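Q: File structure39.txt below, compact mmCIF, C-alpha atoms and all ligand atoms:
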# COMPACT_ATOMS: atom_id res chain seq x y z
CA MET A 78 0.00 0.00 0.00
CA SER A 79 2.61 2.54 1.07
CA LEU A 80 4.71 2.06 -2.03
CA PHE A 81 1.82 3.19 -4.09
CA SER A 82 0.62 5.78 -1.66
CA ARG A 83 1.17 8.81 -3.80
CA ILE A 84 -1.46 10.01 -6.16
CA PHE A 85 -0.68 12.81 -8.50
CA GLY A 86 -1.37 14.34 -11.84
CA SER A 87 -4.68 12.69 -12.49
CA ASN A 88 -7.23 14.57 -14.49
CA ASP A 89 -10.25 12.84 -13.11
CA ASP A 90 -9.64 11.06 -9.83
CA SER A 91 -12.73 8.95 -10.11
CA LYS A 92 -11.57 7.37 -13.35
CA ARG A 93 -7.80 7.51 -13.40
CA GLN A 94 -5.19 7.37 -10.67
CA GLU A 95 -1.46 7.48 -11.05
CA TYR A 96 0.99 6.26 -8.45
CA VAL A 97 4.74 6.63 -8.63
CA HIS A 98 7.17 4.40 -6.90
CA TYR A 99 10.89 3.81 -6.96
CA VAL A 100 13.17 0.85 -6.42
CA LEU A 101 16.73 1.31 -5.18
CA TYR A 102 19.15 -1.54 -5.85
CA GLU A 103 22.75 -2.38 -6.65
CA ALA A 104 23.88 -3.82 -9.95
CA LYS A 105 27.40 -4.16 -11.35
CA GLY A 106 28.88 -1.91 -8.68
CA LYS A 107 26.40 0.87 -9.32
CA TYR A 108 23.42 2.09 -7.35
CA CYS A 109 20.32 2.13 -9.49
CA LEU A 110 17.10 4.03 -9.00
CA LYS A 111 14.24 2.72 -11.02
CA LYS A 112 11.13 4.85 -11.40
CA MET A 113 7.84 3.10 -12.04
CA LYS A 114 4.43 4.55 -12.70
CA LYS A 115 1.28 2.63 -12.05
CA THR A 116 -1.90 3.83 -13.67
CA ILE A 117 -5.24 2.56 -12.57
CA LEU A 118 -8.15 3.17 -14.87
CA MET A 119 -11.58 2.79 -13.45
CA PHE A 120 -14.78 2.12 -15.32
CA PRO A 121 -17.67 3.17 -13.09
CA ASP A 122 -20.24 1.79 -15.50
CA ARG A 123 -18.72 -1.68 -15.07
CA ILE A 124 -18.60 -1.51 -11.30
CA ASN A 125 -20.40 -4.81 -10.81
CA THR A 126 -18.05 -6.75 -13.02
CA ASN A 127 -14.48 -7.98 -12.58
CA ALA A 128 -13.36 -5.58 -15.25
CA HIS A 129 -14.20 -2.34 -13.47
CA ALA A 130 -10.52 -1.46 -12.98
CA GLU A 131 -7.39 -1.94 -15.03
CA ALA A 132 -3.88 -1.43 -13.77
CA LYS A 133 -0.87 -0.72 -15.91
CA THR A 134 2.71 -0.45 -14.67
CA GLN A 135 5.17 1.49 -16.71
CA HIS A 136 8.93 1.86 -16.40
CA VAL A 137 9.78 5.57 -16.46
CA PHE A 138 13.57 5.53 -16.05
CA THR A 139 16.50 3.90 -14.32
CA LYS A 140 19.25 6.22 -13.17
CA LYS A 141 22.66 4.93 -12.19
CA PHE A 142 24.95 6.37 -9.53
CA ARG A 143 28.54 5.62 -8.53
CA SER A 144 27.78 6.13 -4.85
CA LEU A 145 24.89 6.63 -2.47
CA LEU A 146 26.12 10.16 -1.92
CA GLU A 147 25.65 10.80 -5.61
CA PHE A 148 22.18 9.24 -5.42
CA TRP A 149 21.33 11.46 -2.46
CA SER A 150 22.59 14.62 -4.16
CA TYR A 151 20.47 13.73 -7.15
CA ILE A 152 17.20 13.21 -5.30
CA THR A 153 17.64 16.28 -3.07
CA LYS A 154 18.44 18.68 -5.90
CA SER A 155 15.23 20.67 -5.93
CA LYS A 156 13.95 22.78 -3.06
CA LYS A 157 10.89 20.61 -2.38
CA TRP A 158 12.65 17.36 -3.34
CA TYR A 159 10.73 15.41 -0.68
CA LEU A 160 7.48 15.80 -2.61
CA GLU A 161 8.91 13.85 -5.54
CA TYR A 162 11.06 11.46 -3.51
CA GLN A 163 9.03 10.28 -0.57
CA ALA A 164 10.76 7.82 1.74
CA ASP A 165 7.80 5.47 1.67
CA THR A 166 7.78 5.28 -2.10
CA ILE A 167 11.38 4.06 -2.43
CA GLU A 168 11.49 0.32 -2.16
CA HIS A 169 14.58 -1.17 -0.40
CA ILE A 170 15.77 2.22 0.86
CA GLU A 171 16.23 0.57 4.29
CA LYS A 172 19.05 -1.59 2.92
CA TYR A 173 21.16 1.53 2.63
CA ILE A 174 20.05 3.22 5.81
CA GLU A 175 23.47 3.24 7.47
CA THR A 176 25.04 5.27 4.69
CA LEU A 177 21.99 7.45 4.21
CA ALA A 178 21.22 8.18 7.88
CA PRO A 179 23.70 11.07 8.32
CA LEU A 180 22.58 12.55 4.99
CA ILE A 181 18.91 12.32 5.96
CA ALA A 182 19.48 13.93 9.37
CA LYS A 183 21.49 16.77 7.87
CA GLU A 184 18.97 17.43 5.10
CA THR A 185 15.78 17.36 7.16
CA ASN A 186 17.41 19.48 9.88
CA GLU A 187 18.14 22.02 7.20
CA LEU A 188 14.52 21.93 6.02
CA ARG A 189 13.31 22.50 9.57
CA ARG A 190 15.79 25.30 10.10
CA ASN A 191 14.49 27.10 6.99
CA MET A 192 10.79 26.40 7.76
CA GLU A 193 9.69 26.77 4.18
CA PHE A 194 7.30 23.86 4.24
CA SER A 195 3.59 23.53 4.90
CA LYS A 196 1.89 21.39 7.49
CA SER A 197 1.16 18.69 4.91
CA ASP A 198 4.79 18.81 3.67
CA ASN A 199 5.86 18.20 7.25
CA PHE A 200 4.20 14.79 7.27
CA ILE A 201 6.07 13.87 4.11
CA ILE A 202 9.39 15.08 5.50
CA ALA A 203 8.67 13.09 8.67
CA GLN A 204 8.65 9.87 6.62
CA TRP A 205 12.39 10.36 6.12
CA ASP A 206 13.02 10.90 9.84
CA ASN A 207 10.85 7.91 10.61
CA LEU A 208 13.27 5.72 8.67
CA LEU A 209 15.89 6.61 11.28
CA PHE A 210 13.52 5.82 14.14
CA ARG A 211 12.38 2.60 12.50
CA TYR A 212 15.92 1.24 12.09
CA LYS A 213 17.63 2.74 15.12
CA ASP A 214 17.60 -0.55 17.01
CA LYS A 215 19.37 -2.30 14.19
CA SER A 216 22.42 -0.11 14.15
CA GLU A 217 24.27 2.11 16.58
CA LEU A 218 25.06 4.51 13.77
CA VAL A 219 21.40 4.97 12.84
CA LEU A 220 20.56 5.43 16.53
CA GLN A 221 23.17 8.17 16.84
CA GLU A 222 21.88 9.92 13.73
CA SER A 223 18.28 9.72 14.96
CA LYS A 224 19.43 11.66 18.02
CA LYS A 225 20.75 14.43 15.81
CA LEU A 226 17.32 15.33 14.44
CA LYS A 227 16.52 18.87 15.45
CA THR A 228 13.76 21.41 15.57
CA PHE A 229 14.24 25.13 15.86
CA CYS A 230 12.28 27.94 17.45
CA ALA A 231 10.09 29.64 14.87
CA ASN A 232 10.92 33.02 16.37
CA CYS A 233 14.51 33.18 17.65
CA LYS A 234 15.66 30.19 15.53
CA ASN A 235 17.57 28.67 18.42
CA GLU A 236 17.69 24.92 18.54
CA ARG A 237 14.89 23.53 20.70
CA ARG A 238 15.45 21.12 23.51
CA GLY A 239 14.27 17.74 22.23
CA PHE A 240 12.98 16.94 18.79
CA SER A 241 9.37 17.86 18.03
CA GLN A 242 8.26 16.11 14.90
CA ARG A 243 4.68 17.23 15.38
CA TYR A 244 5.42 20.91 15.93
CA PRO A 245 8.41 21.87 13.79
CA LYS A 246 7.35 25.52 13.70
CA SER A 247 6.62 26.10 17.36
CA ILE A 248 8.35 28.64 19.55
CA CYS A 249 10.62 28.08 22.54
CA HIS A 250 9.82 28.74 26.16
CA GLU A 251 11.56 32.12 26.24
CA CYS A 252 9.75 33.32 23.13
CA SER A 253 6.38 32.20 24.55
CA SER A 254 6.78 34.91 27.15
CA LYS A 255 7.10 37.52 24.39
CA VAL A 256 3.70 37.02 22.72
CA THR A 257 1.35 39.97 22.58
CA ASP A 258 -1.98 41.00 21.12
CA LYS A 259 -2.07 43.11 17.97
CA ASN A 260 -1.31 46.26 19.95
CA GLY A 261 1.74 44.87 21.70
CA ARG A 262 0.14 44.09 25.05
CA SER A 263 1.52 40.96 26.68
CA ILE A 264 -0.68 37.88 26.70
CA GLU A 265 -0.36 34.29 27.82
CA PHE A 266 -2.20 31.10 27.02
CA PHE A 267 -3.19 28.30 29.30
CA ASN A 268 -5.23 25.12 29.27
CA SER A 269 -8.76 26.16 30.10
CA GLU A 270 -9.98 22.70 30.99
CA ALA A 271 -8.88 19.82 33.17
CA LEU A 272 -6.27 17.33 31.99
CA GLY A 273 -4.38 19.87 29.93
CA SER A 274 -6.99 20.52 27.31
CA GLY A 275 -8.50 23.69 25.92
CA CYS A 276 -6.60 26.82 25.03
CA GLN A 277 -7.48 30.20 26.47
CA GLY A 278 -5.59 33.46 26.21
CA CYS A 279 -5.54 36.19 28.80
CA TYR A 280 -3.66 39.41 29.41
CA SER A 281 -0.55 38.95 31.50
CA GLY A 282 -0.66 40.22 35.08
CA THR A 283 -4.47 40.11 35.36
CA ASN A 284 -4.62 36.80 37.24
CA GLN A 285 -6.23 35.26 34.16
CA LYS A 286 -9.22 37.58 34.68
CA GLU A 287 -8.96 39.67 31.55
CA LYS A 288 -9.49 37.23 28.72
CA TYR A 289 -7.99 37.44 25.26
CA GLU A 290 -10.42 35.64 22.98
CA LEU A 291 -8.27 34.97 19.92
CA ASN A 292 -5.69 32.28 19.24
CA VAL A 293 -3.64 34.49 16.97
CA CYS A 294 -0.82 36.28 18.72
CA TYR A 295 2.24 38.28 17.74
CA ILE A 296 5.92 38.69 18.36
CA ASP A 297 7.40 41.79 16.71
CA GLY A 298 4.58 41.83 14.18
CA LYS A 299 5.07 38.18 13.19
CA GLU A 300 1.89 36.10 13.51
CA PHE A 301 1.64 32.95 15.60
CA VAL A 302 -1.24 30.72 16.63
CA ALA A 303 -1.68 29.17 20.07
CA GLU A 304 -3.35 25.81 20.41
CA GLU A 305 -3.80 23.01 22.87
CA ALA A 306 -0.87 20.62 22.45
CA ARG A 307 -1.67 17.03 21.67
CA PHE A 308 -0.41 15.70 24.98
CA GLY A 309 -1.44 18.62 27.13
CA GLY A 310 -0.03 22.08 27.56
CA ILE A 311 0.00 24.84 24.98
CA VAL A 312 1.95 25.05 21.78
CA ILE A 313 2.45 28.28 19.85
CA ASN A 314 3.18 27.78 16.17
CA LEU A 315 4.15 30.08 13.37
CA LYS A 316 0.97 30.95 11.47
CA GLU A 317 0.72 29.01 8.24
CA GLU A 318 0.70 31.20 5.14
CA LEU A 319 -2.35 30.48 3.05
ZN ZN B 401 12.71 31.24 20.67
Would you write out, as structure tokens, the structure that this file holds?
Ligand SMILES: [Zn+2]
A:
Amino acid sequence: MSLFSRIFGSNDDSKRQEYVHYVLYEAKGKYCLKKMKKTILMFPDRINTNAHAEAKTQHVFTKKFRSLLEFWSYITKSKKWYLEYQADTIEHIEKYIETLAPLIAKETNELRRNMEFSKSDNFIIAQWDNLLFRYKDKSELVLQESKKLKTFCANCKNERRGFSQRYPKSICHECSSKVTDKNGRSIEFFNSEALGSGCQGCYSGTNQKEKYELNVCYIDGKEFVAEEARFGGIVINLKEEL
């Protein structure tokens, strides 16, 4: 399922779906990346028959590399390379995880430092980090690289303590104390309900009496959004550009 998990470029999703997947393998001392495209054509008028769908697999290309470093440089060439080369669409990538682990950690750290990805991109980038978590028990090297994954504060850009895969654009503790309303008046957010749920803003120094009813907040004119964190507490994230 996961190898064919990516749908793109279809004109009419109900009738035609295209999935891309890759295979990475070694042959004659070279590393080869084979690109395959699977097209599924659906015939809604034949839905009650065995012939309501037809699948066709097509070989798109096979690229050859002298090293895994060369392979990695090739797939990470474009700015949003992870949209084309998703970890879960490259069959046998795990065979090469020890060589790739340091490259993956370095690359995804760089993406998180730059923060030029959307929320949905983040899930795709996370597939690459998950390879390190998935294989960390198999190799000390992969374990060490998985510990190098980093997230950065979306305001001051300092490295955060711990790695937050879920909130790669959140702000650090110090910056949380700098959030204000639109006019620059200091506000804070807290869980409004028991067990760390709910998210309520209030003006600082009012004993939580003067409420601030929005989730949008500001630091030096930059917009952030406060929300209840998944496992309790509050998280303040950089506002997503629409
Ligand atoms: Zn900060």
Q: Hey, could you make a per-residue contact list for chain A against ligand ZN 401 (chain B) with 10 Å as the cut-off, showing the nearest pair of atoms and its distance in Å to one decimal, counting all atoms listed in the file, sorted by chain and number, as CSV?
A:
residue,atom,partner,partner_atom,distance
A:Phe229,CA,B:ZN401,ZN,7.9
A:Cys230,CA,B:ZN401,ZN,4.6
A:Ala231,CA,B:ZN401,ZN,6.6
A:Asn232,CA,B:ZN401,ZN,5.0
A:Cys233,CA,B:ZN401,ZN,4.0
A:Lys234,CA,B:ZN401,ZN,6.0
A:Asn235,CA,B:ZN401,ZN,5.9
A:Glu236,CA,B:ZN401,ZN,8.3
A:Arg237,CA,B:ZN401,ZN,8.0
A:Ser247,CA,B:ZN401,ZN,8.6
A:Ile248,CA,B:ZN401,ZN,5.2
A:Cys249,CA,B:ZN401,ZN,4.2
A:His250,CA,B:ZN401,ZN,6.7
A:Glu251,CA,B:ZN401,ZN,5.8
A:Cys252,CA,B:ZN401,ZN,4.4
A:Ser253,CA,B:ZN401,ZN,7.5
A:Ser254,CA,B:ZN401,ZN,9.5
A:Lys255,CA,B:ZN401,ZN,9.2
Q: Set out as a Markdown table a contact list for stretch 185-279 of chain A and stretch 154-171 of chain A with a cut-off of 8 Å, giving each residue of stretch 185-279 of chain A that qualifies its closest atom pair and distance in Å to one decimal, counting all atoms listed in the file, ordered by chain and rising residue number.
A:
| residue | atom | partner | partner_atom | distance |
| --- | --- | --- | --- | --- |
| A:Asp198 | CA | A:Leu160 | CA | 7.5 |
| A:Ile201 | CA | A:Gln163 | CA | 6.6 |
| A:Ile202 | CA | A:Tyr159 | CA | 6.3 |
| A:Gln204 | CA | A:Ala164 | CA | 5.7 |
| A:Trp205 | CA | A:Ala164 | CA | 5.3 |
| A:Leu208 | CA | A:Glu171 | CA | 7.4 |
| A:Tyr212 | CA | A:Glu171 | CA | 7.8 |
Q: Which residues come within 7 Å of A:Lys107, counting all atoms listed in the file, excluding same-chain residues fewer than 4 positions away, as a PyMOL selection string?
A: chain A and resi 103+141-143
Q: Please, what distance in Å, to one decimal, runs between atom CA of A:Ile264 and atom CA of A:Ser281?
A: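 Atom-to-atom, atom CA of A:Ile264 and atom CA of A:Ser281 are spaced 4.9 Å apart.
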Q: Between atom CA of A:Phe194 and atom CA of A:Ala303, measure the distance and give it in Å to one decimal.
A: 19.0 Å
Q: Just give me the gap between atom CA of A:Arg189 and atom CA of A:Asn314 in Å, one decimal is fine.
A: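 If I compute the distance from atom CA of A:Arg189 to atom CA of A:Asn314, I get 13.2 Å.
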